[in-house]
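Shown next, in structure tokens, is the structure this report addresses.
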Amino acid sequence: MVEYGAGMSKLAFEATSGIAVLRLDNPPVNSLGHELRALLFDGLERAAADDGIEAVVVIGSGKGFSGGADIREFGTPKASAQPNLLALIRAIEQSGKPVIAAIDGICMGGGLELALACHYRVGVPGARIALPEVKLGLLPGAGGTQRLPRLIGVEAALNMIVSGAPVASENLRVSGLFDAFSDGDLLAASVDFARMVVAERRPLKRVRDLSIVMPNAEAYFQFARNSVKAAAGRYPAPLACVEAVAAAVQQPFDAGLKRERELFMSLMLSPESAALRHVFQAERAASHILDVPPDTPIREIRRVGVIGAGTMGGGIAMTLINAGLPVWLLETSQEALDRGLATIRRNYQGALRKGTLTEASLEKRLSLITPILDYAPLRDADLIIEAVFESTQVKKQVFERLDAVVKPGAILASNTSALNLDAIAQFTQRPEDVIGLHFFSPANVMRLLEVVRGAKTARDVLATAMELAKRIGKIAVVAGVCDGFIGNRMVARYGVAAHDMIMAGALPQQVDGALQDFGMAMGPFRMSDLAGLDIGWASRKRRAEEFPTRDFSNVADKLCEAGRFGQKTAAGWYRYEAGSRDPIPDPQVTELIDKYRAQKGITPRQVTNEEIVERCVYALINEGARIIEDGIAQRSSDVDLVYLNGYGFPAYRGGPMFYADQIGLADVARGLRRIAATPGADTSFWTPASLLTSLAQEGKTFSGYKGSAS
Ligand code: NAD
């Protein structure tokens, strides 16, 4: 064997009796960044120039063949620097010597497109094959939409391209994707295959030369367009995928490739794709904590205690056992424990009925929970998450007990929504080990986790919490201590703006309708009906006692006084038929609102949907800006993630802060000043945050802000 490759190179070039093996070595997923593309290009040229080489095998390493484009290059000149992916693909396809892709592990996106340009493909079981570009609002732009249908058939290819979902290589074993499939060693099988191709003098098989025969293509694509359109909602990419595949069938290869390119470029410029790419990057950025280096040692979490088996404690316990972590679940009485466990079992039975969980794995998961009534076993826990009543007194009792029992170095977490985490930390002798883990309800479903950093929280505790979040499948965002952290602080402002619109003359159904048309998963009044109006009522009463000079009154008080607490009483801002969650506008609510306005001396006016959206969304943006300015969030994309994942903001708008960037911050600031200047407006509420004003003046964006906290 002759070795040419340099030691630390991202590509190893080895030659063995006439076969060159180009091994991609760019961890973690052999993404096709500029350096690797250039090395691969050189490797191909070297193989072409070497008379001793008769065929080339391209193989991956580590996690598999290749995960595709390098996301770190997105939006930088490196992404398209020569040789770009298209040039590399052309070089492979035009190679005079056979090029064989040896596919295992991850083979996705640009990685699969590269493999499709090879003359032959050898596979093994366990590989995951996908063209996931649609998930970023794009389509495979390097020939994937043209070549894949030629190998696996139009319908199978279209399904993969429109869904972006990975397919197991076993399921493609007999498709045209693979020219050979081995259950043994991939490299050996691929080199053997290459030798056979050479020995048999097989003609080079170029996928572009394969023809697609599809009778009734027109009818098929019409059907595909209709069904994809219905499912795609406001996203243009899935339909563009159908158009690109239709071009593969209905046009010659080069014309189809050109069409794919045009569609790709137009998607690249679409606001939906820009938003989805922003979200993708935001998720990656969120785990990076500015003053916590990535190599910060983390504490090992093997066993967790959960205090309280109510709504949140039960959901948190499920999340942990789903990830295989054993849990002690502590309650105050056997009855409460039994109730909590019964709810957990009931929740799993739903998954059992849907067929997403088997009886055996259900029992296995439940066996990971040890119900307890006293603290003693918790001395062995590495992390304890408290989810008891939202009362400072109860939390104090719990944290004092924990402090007395748990081993040094254990992490003490609180799921409090509104209490001061720093005060909770002071109930212990080890405030540096205390952190907030603010899960959202239902905790086993919602992906968002606000990781609340107290004034004294140790860096390794923070790093451990972020790592745990990954392990349990959550999107974690770091938040500082303030009333409501990031999400609830913003939603409070949104609620005030929505209530203002009711006061001005709108009805709940108009406000909800306008915001749902904007893309919110649920309007604010439907959301309050779901959450229960009594919670806000109690908190307003508490606040009114605390601040007797301020007015906390709200139409919702009138609803509550009338026994309308939302869905749980079948009446709130709407009424509900028995057994249904569909909100029905209720004339009684209209009457209560009319009366309330009259009491306050307000003459209702016509309110437009545009005004509703502008006010509610601008209120979110303005509070988001203050949250960044106060250092509560590290970056604007963290604020976006919270609102997208916890509050139903539409992903195709990228989150409130990204949306503001798209509108232009100068316009947003002008809009806020205009609202602030309307008669009766609360000027302190509507005056643009100073960060917003200054960025607007400098012509900058939130996304580009790397200010004091970032
Ligand atoms: P819940 O009333 O459903 O459950 C609280 C449970 O804690 C009850 O089962 C109770 O018996 C138990 N408990 C009370 N005192 C205890 C003690 N000293 N030791 C052990 N167990 C005790 O309440 P919840 O909705 O699950 O909320 C729990 C916490 O999570 C609160 O701090 C709340 O603010 C927060 N939170 C709630 C939500 C939500 O949507 N419900 C969302 C995020 C955070």
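As shown in the structure tokens, the chain order sets the letters A, B, ...; within each chain, residues go from 1, and ligands are also counted from 1 in the order they appear.
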At a cut-off of 8 Å and counting only C-alpha atoms and all ligand atoms, what residues surround ligand 1? Please answer as a ChimeraX atom specification. /A:307-314,330-333,336-337,340,386-391,394-395,397-398,414-419,438-443,531
What lies within 9 Å of Ala521 in chain A using only C-alpha atoms, ignoring chain neighbours under 6 positions off, as a VMD selection string? chain A and resid 515 647 to 650
Of the residues A:Asp517, A:Asp460, A:Asp179, A:Glu133, which is the one nearest to Ala115 in chain A, using only C-alpha atoms? A:Asp179
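Excluding Asp104 in chain A and any residue on its chain fewer than 2 positions from it, the residues at most 9 Å away by only C-alpha atoms are Ile59, Gly60, Ser61, Lys63, Gly64, Phe65, Ser66, Ala102, Ile106, Cys107, Val122, Gly123, Val124, Pro125, Gly126, Ala127, Arg128, Ser169 and Leu186 of chain A.
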Per DSSP on the backbone, what are the alpha helix (DSSP H) residues of range 223-433 of chain A, as number ranges by chain? A: 223-232, 237-250, 253-268, 271-286, 311-322, 334-354, 359-366, 392-405, 421-425
When you draw a straight line from CA of Asn554 in chain A to CA of Ile535 in chain A, how long is it in Å? 13.0 Å
Selection: 9 Å around range 202-215 of chain A, only C-alpha atoms, excl. self and same-chain fewer than 4 positions, as a PDB file with C-alpha atoms, in the first residue's frame:
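The result, stored in result.pdb:
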ATOM      1  CA  GLU A  93     -19.076  12.479 -12.980  1.00  0.00           C
ATOM      2  CA  GLN A  94     -16.641  13.299 -15.780  1.00  0.00           C
ATOM      3  CA  GLY A  96     -12.495   8.800 -16.903  1.00  0.00           C
ATOM      4  CA  LYS A  97     -11.796   6.275 -14.162  1.00  0.00           C
ATOM      5  CA  PRO A  98     -14.669   4.727 -12.241  1.00  0.00           C
ATOM      6  CA  VAL A  99     -15.494   6.466  -8.950  1.00  0.00           C
ATOM      7  CA  LEU A 116     -25.169  10.247  -6.650  1.00  0.00           C
ATOM      8  CA  ALA A 117     -22.588  11.715  -8.999  1.00  0.00           C
ATOM      9  CA  CYS A 118     -20.277   8.736  -8.487  1.00  0.00           C
ATOM     10  CA  HIS A 119     -20.482   5.981 -11.063  1.00  0.00           C
ATOM     11  CA  TYR A 120     -21.349   3.292  -8.543  1.00  0.00           C
ATOM     12  CA  GLN A 146     -32.477  15.135 -10.909  1.00  0.00           C
ATOM     13  CA  ARG A 147     -30.359  12.115 -10.054  1.00  0.00           C
ATOM     14  CA  LEU A 148     -32.234  10.478  -7.176  1.00  0.00           C
ATOM     15  CA  PRO A 149     -35.444   9.836  -9.190  1.00  0.00           C
ATOM     16  CA  ARG A 150     -33.318   8.232 -11.910  1.00  0.00           C
ATOM     17  CA  LEU A 151     -32.056   5.689  -9.387  1.00  0.00           C
ATOM     18  CA  GLY A 153     -37.935   5.947  -8.902  1.00  0.00           C
ATOM     19  CA  VAL A 154     -39.906   9.156  -9.005  1.00  0.00           C
ATOM     20  CA  MET A 196     -14.548  -6.169 -10.448  1.00  0.00           C
ATOM     21  CA  VAL A 197     -15.597  -3.048 -12.378  1.00  0.00           C
ATOM     22  CA  VAL A 198     -12.044  -2.700 -13.653  1.00  0.00           C
ATOM     23  CA  TYR A 220     -49.081  12.211 -11.146  1.00  0.00           C
ATOM     24  CA  ALA A 248     -36.297  15.588 -13.990  1.00  0.00           C
ATOM     25  CA  VAL A 249     -39.039  13.561 -15.611  1.00  0.00           C
ATOM     26  CA  GLN A 250     -40.246  15.972 -18.243  1.00  0.00           C
ATOM     27  CA  PRO A 252     -33.585  16.495 -20.605  1.00  0.00           C
ATOM     28  CA  PHE A 253     -31.013  16.189 -17.800  1.00  0.00           C
ATOM     29  CA  ASP A 254     -29.246  19.529 -18.332  1.00  0.00           C
TER      30      ASP A 254
END
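Considering only range 49-123 of chain A, backbone DSSP assigns strand (DSSP E) to Ala55, Val56, Val57, Val58, Ile59, Val99, Ile100, Ala101, Ala102, Ile103, Ile106, Cys107, Met108, Tyr120, Arg121, Val122 and Gly123 of chain A.
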Expected file contents, prior selection, all heavy atoms, as a compact mmCIF listing (two decimals), in the first residue's frame:
# COMPACT_ATOMS: atom_id res chain seq x y z
N ALA A 55 -9.20 2.81 -10.54
CA ALA A 55 -10.52 3.19 -10.02
C ALA A 55 -10.33 3.89 -8.68
O ALA A 55 -9.29 3.76 -8.04
CB ALA A 55 -11.41 1.96 -9.85
N VAL A 56 -11.38 4.65 -8.29
CA VAL A 56 -11.32 5.43 -7.06
C VAL A 56 -12.49 5.05 -6.16
O VAL A 56 -13.62 4.95 -6.63
CB VAL A 56 -11.41 6.95 -7.38
CG1 VAL A 56 -11.37 7.78 -6.10
CG2 VAL A 56 -10.30 7.37 -8.34
N VAL A 57 -12.19 4.84 -4.87
CA VAL A 57 -13.27 4.63 -3.90
C VAL A 57 -13.28 5.84 -2.97
O VAL A 57 -12.24 6.21 -2.42
CB VAL A 57 -13.03 3.33 -3.08
CG1 VAL A 57 -13.99 3.25 -1.89
CG2 VAL A 57 -13.17 2.11 -3.98
N VAL A 58 -14.45 6.47 -2.82
CA VAL A 58 -14.59 7.57 -1.85
C VAL A 58 -15.35 7.01 -0.65
O VAL A 58 -16.45 6.47 -0.80
CB VAL A 58 -15.36 8.76 -2.46
CG1 VAL A 58 -15.44 9.91 -1.44
CG2 VAL A 58 -14.70 9.24 -3.74
N ILE A 59 -14.75 7.15 0.52
CA ILE A 59 -15.36 6.58 1.72
C ILE A 59 -15.27 7.59 2.86
O ILE A 59 -14.40 8.46 2.85
CB ILE A 59 -14.65 5.24 2.09
CG1 ILE A 59 -15.43 4.48 3.17
CG2 ILE A 59 -13.21 5.45 2.50
CD1 ILE A 59 -15.01 3.02 3.33
N VAL A 99 -15.50 5.98 -10.33
CA VAL A 99 -15.49 6.47 -8.95
C VAL A 99 -16.64 5.77 -8.21
O VAL A 99 -17.78 5.79 -8.67
CB VAL A 99 -15.67 8.00 -8.88
CG1 VAL A 99 -15.59 8.48 -7.44
CG2 VAL A 99 -14.63 8.71 -9.74
N ILE A 100 -16.31 5.16 -7.08
CA ILE A 100 -17.29 4.39 -6.33
C ILE A 100 -17.49 5.03 -4.95
O ILE A 100 -16.52 5.30 -4.24
CB ILE A 100 -16.80 2.92 -6.15
CG1 ILE A 100 -16.81 2.22 -7.51
CG2 ILE A 100 -17.68 2.13 -5.18
CD1 ILE A 100 -15.47 1.90 -8.04
N ALA A 101 -18.74 5.31 -4.60
CA ALA A 101 -19.02 5.84 -3.26
C ALA A 101 -19.27 4.67 -2.32
O ALA A 101 -20.10 3.81 -2.61
CB ALA A 101 -20.24 6.75 -3.29
N ALA A 102 -18.57 4.66 -1.20
CA ALA A 102 -18.75 3.61 -0.19
C ALA A 102 -19.54 4.23 0.95
O ALA A 102 -19.05 5.09 1.67
CB ALA A 102 -17.39 3.13 0.30
N ILE A 103 -20.81 3.81 1.08
CA ILE A 103 -21.74 4.56 1.93
C ILE A 103 -22.07 3.83 3.23
O ILE A 103 -22.62 2.73 3.21
CB ILE A 103 -23.04 4.84 1.15
CG1 ILE A 103 -22.72 5.72 -0.06
CG2 ILE A 103 -24.07 5.51 2.05
CD1 ILE A 103 -23.90 5.92 -1.00
N ILE A 106 -23.96 8.35 8.13
CA ILE A 106 -24.75 9.47 7.61
C ILE A 106 -24.40 9.75 6.16
O ILE A 106 -23.23 9.90 5.81
CB ILE A 106 -24.47 10.72 8.47
CG1 ILE A 106 -25.07 10.52 9.86
CG2 ILE A 106 -25.04 11.97 7.84
CD1 ILE A 106 -24.72 11.61 10.82
N CYS A 107 -25.42 9.78 5.31
CA CYS A 107 -25.19 10.17 3.92
C CYS A 107 -26.34 11.10 3.55
O CYS A 107 -27.42 10.66 3.19
CB CYS A 107 -25.17 8.92 3.03
SG CYS A 107 -24.90 9.31 1.29
N MET A 108 -26.10 12.37 3.74
CA MET A 108 -27.21 13.31 3.65
C MET A 108 -26.86 14.57 2.85
O MET A 108 -25.70 14.97 2.77
CB MET A 108 -27.64 13.74 5.04
CG MET A 108 -28.18 12.58 5.86
SD MET A 108 -28.87 13.13 7.43
CE MET A 108 -29.38 11.57 8.12
N TYR A 120 -20.73 4.43 -9.24
CA TYR A 120 -21.35 3.29 -8.54
C TYR A 120 -21.41 3.60 -7.06
O TYR A 120 -20.62 4.40 -6.55
CB TYR A 120 -20.52 2.02 -8.74
CG TYR A 120 -20.35 1.65 -10.19
CD1 TYR A 120 -19.18 1.97 -10.87
CD2 TYR A 120 -21.37 0.97 -10.88
CE1 TYR A 120 -19.03 1.66 -12.21
CE2 TYR A 120 -21.22 0.65 -12.22
CZ TYR A 120 -20.05 1.00 -12.89
OH TYR A 120 -19.90 0.70 -14.20
N ARG A 121 -22.33 2.93 -6.37
CA ARG A 121 -22.46 3.09 -4.92
C ARG A 121 -22.54 1.72 -4.25
O ARG A 121 -23.28 0.84 -4.72
CB ARG A 121 -23.74 3.88 -4.58
CG ARG A 121 -23.62 5.39 -4.76
CD ARG A 121 -24.92 6.01 -5.16
NE ARG A 121 -25.34 5.47 -6.44
CZ ARG A 121 -24.91 5.88 -7.63
NH1 ARG A 121 -24.06 6.88 -7.70
NH2 ARG A 121 -25.30 5.32 -8.75
N VAL A 122 -21.76 1.57 -3.19
CA VAL A 122 -21.79 0.35 -2.41
C VAL A 122 -22.31 0.72 -1.01
O VAL A 122 -21.88 1.74 -0.45
CB VAL A 122 -20.37 -0.27 -2.29
CG1 VAL A 122 -20.40 -1.54 -1.44
CG2 VAL A 122 -19.81 -0.57 -3.68
N GLY A 123 -23.24 -0.06 -0.49
CA GLY A 123 -23.83 0.29 0.81
C GLY A 123 -23.69 -0.81 1.83
O GLY A 123 -23.33 -1.95 1.50
Leu448 in chain A: which residues within 6 Å, counting only C-alpha atoms, same-chain residues fewer than 4 positions away excluded, as a PyMOL selection string? chain A and resi 474-475+645-646
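Proximity ranking of A:Ser694, A:Gln82, A:Ser17, A:Gln426 relative to Arg195 in chain A places A:Ser17 first, based on only C-alpha atoms.
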Residue contacts of range 344-351 of chain A (12 Å, only C-alpha atoms) excluding same-chain residues fewer than 2 positions away, as a VMD selection string: chain A and resid 309 to 319 321 to 322 329 337 to 342 353 to 367 369 442 to 445
Saved selection, atoms kept: C-alpha atoms, as a PDB file, in the first residue's frame:
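So the final result, stored in part.pdb, reads:
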ATOM      1  CA  ALA A 309     -45.418  14.710  41.151  1.00  0.00           C
ATOM      2  CA  GLY A 310     -47.936  17.269  39.900  1.00  0.00           C
ATOM      3  CA  THR A 311     -48.377  18.603  36.359  1.00  0.00           C
ATOM      4  CA  MET A 312     -44.760  19.625  35.951  1.00  0.00           C
ATOM      5  CA  GLY A 313     -42.993  17.077  38.163  1.00  0.00           C
ATOM      6  CA  GLY A 314     -44.738  14.224  36.346  1.00  0.00           C
ATOM      7  CA  GLY A 315     -43.809  15.602  32.916  1.00  0.00           C
ATOM      8  CA  ILE A 316     -40.215  16.250  33.989  1.00  0.00           C
ATOM      9  CA  ALA A 317     -39.915  12.709  35.343  1.00  0.00           C
ATOM     10  CA  MET A 318     -41.198  11.367  31.999  1.00  0.00           C
ATOM     11  CA  THR A 319     -38.643  13.424  30.093  1.00  0.00           C
ATOM     12  CA  ILE A 321     -36.863   8.390  32.080  1.00  0.00           C
ATOM     13  CA  ASN A 322     -37.440   8.709  28.330  1.00  0.00           C
ATOM     14  CA  LEU A 329     -40.002  10.931  42.574  1.00  0.00           C
ATOM     15  CA  LEU A 337     -47.561   9.898  44.640  1.00  0.00           C
ATOM     16  CA  ASP A 338     -50.167   7.417  43.391  1.00  0.00           C
ATOM     17  CA  ARG A 339     -52.009  10.179  41.576  1.00  0.00           C
ATOM     18  CA  GLY A 340     -48.818  11.397  39.924  1.00  0.00           C
ATOM     19  CA  LEU A 341     -47.748   7.905  38.854  1.00  0.00           C
ATOM     20  CA  ALA A 342     -51.219   7.140  37.509  1.00  0.00           C
ATOM     21  CA  ARG A 353     -52.459   3.310  21.582  1.00  0.00           C
ATOM     22  CA  LYS A 354     -50.827   5.364  18.832  1.00  0.00           C
ATOM     23  CA  GLY A 355     -48.234   2.625  18.420  1.00  0.00           C
ATOM     24  CA  THR A 356     -45.295   4.946  19.126  1.00  0.00           C
ATOM     25  CA  LEU A 357     -44.344   2.960  22.246  1.00  0.00           C
ATOM     26  CA  THR A 358     -44.383  -0.758  23.038  1.00  0.00           C
ATOM     27  CA  GLU A 359     -45.738  -2.304  26.233  1.00  0.00           C
ATOM     28  CA  ALA A 360     -42.254  -3.574  27.086  1.00  0.00           C
ATOM     29  CA  SER A 361     -40.581  -0.188  26.732  1.00  0.00           C
ATOM     30  CA  LEU A 362     -43.397   1.416  28.719  1.00  0.00           C
ATOM     31  CA  GLU A 363     -42.760  -0.966  31.632  1.00  0.00           C
ATOM     32  CA  LYS A 364     -39.024  -0.476  31.278  1.00  0.00           C
ATOM     33  CA  ARG A 365     -39.410   3.267  31.508  1.00  0.00           C
ATOM     34  CA  LEU A 366     -41.779   3.136  34.463  1.00  0.00           C
ATOM     35  CA  SER A 367     -39.368   0.819  36.258  1.00  0.00           C
ATOM     36  CA  ILE A 369     -39.035   5.645  38.637  1.00  0.00           C
ATOM     37  CA  PRO A 442     -46.493  19.590  29.095  1.00  0.00           C
ATOM     38  CA  ALA A 443     -42.856  19.102  30.089  1.00  0.00           C
ATOM     39  CA  ASN A 444     -42.507  15.762  28.300  1.00  0.00           C
ATOM     40  CA  VAL A 445     -43.677  17.327  25.020  1.00  0.00           C
TER      41      VAL A 445
END
For Ala681 in chain A, list every protein, DNA or RNA residue within 12 Å, evaluated using only C-alpha atoms, and leave out those in the same chain fewer than 2 positions away; present the list as a ChimeraX atom specification. /A:496-497,500-501,503-504,615,672-679,683-687
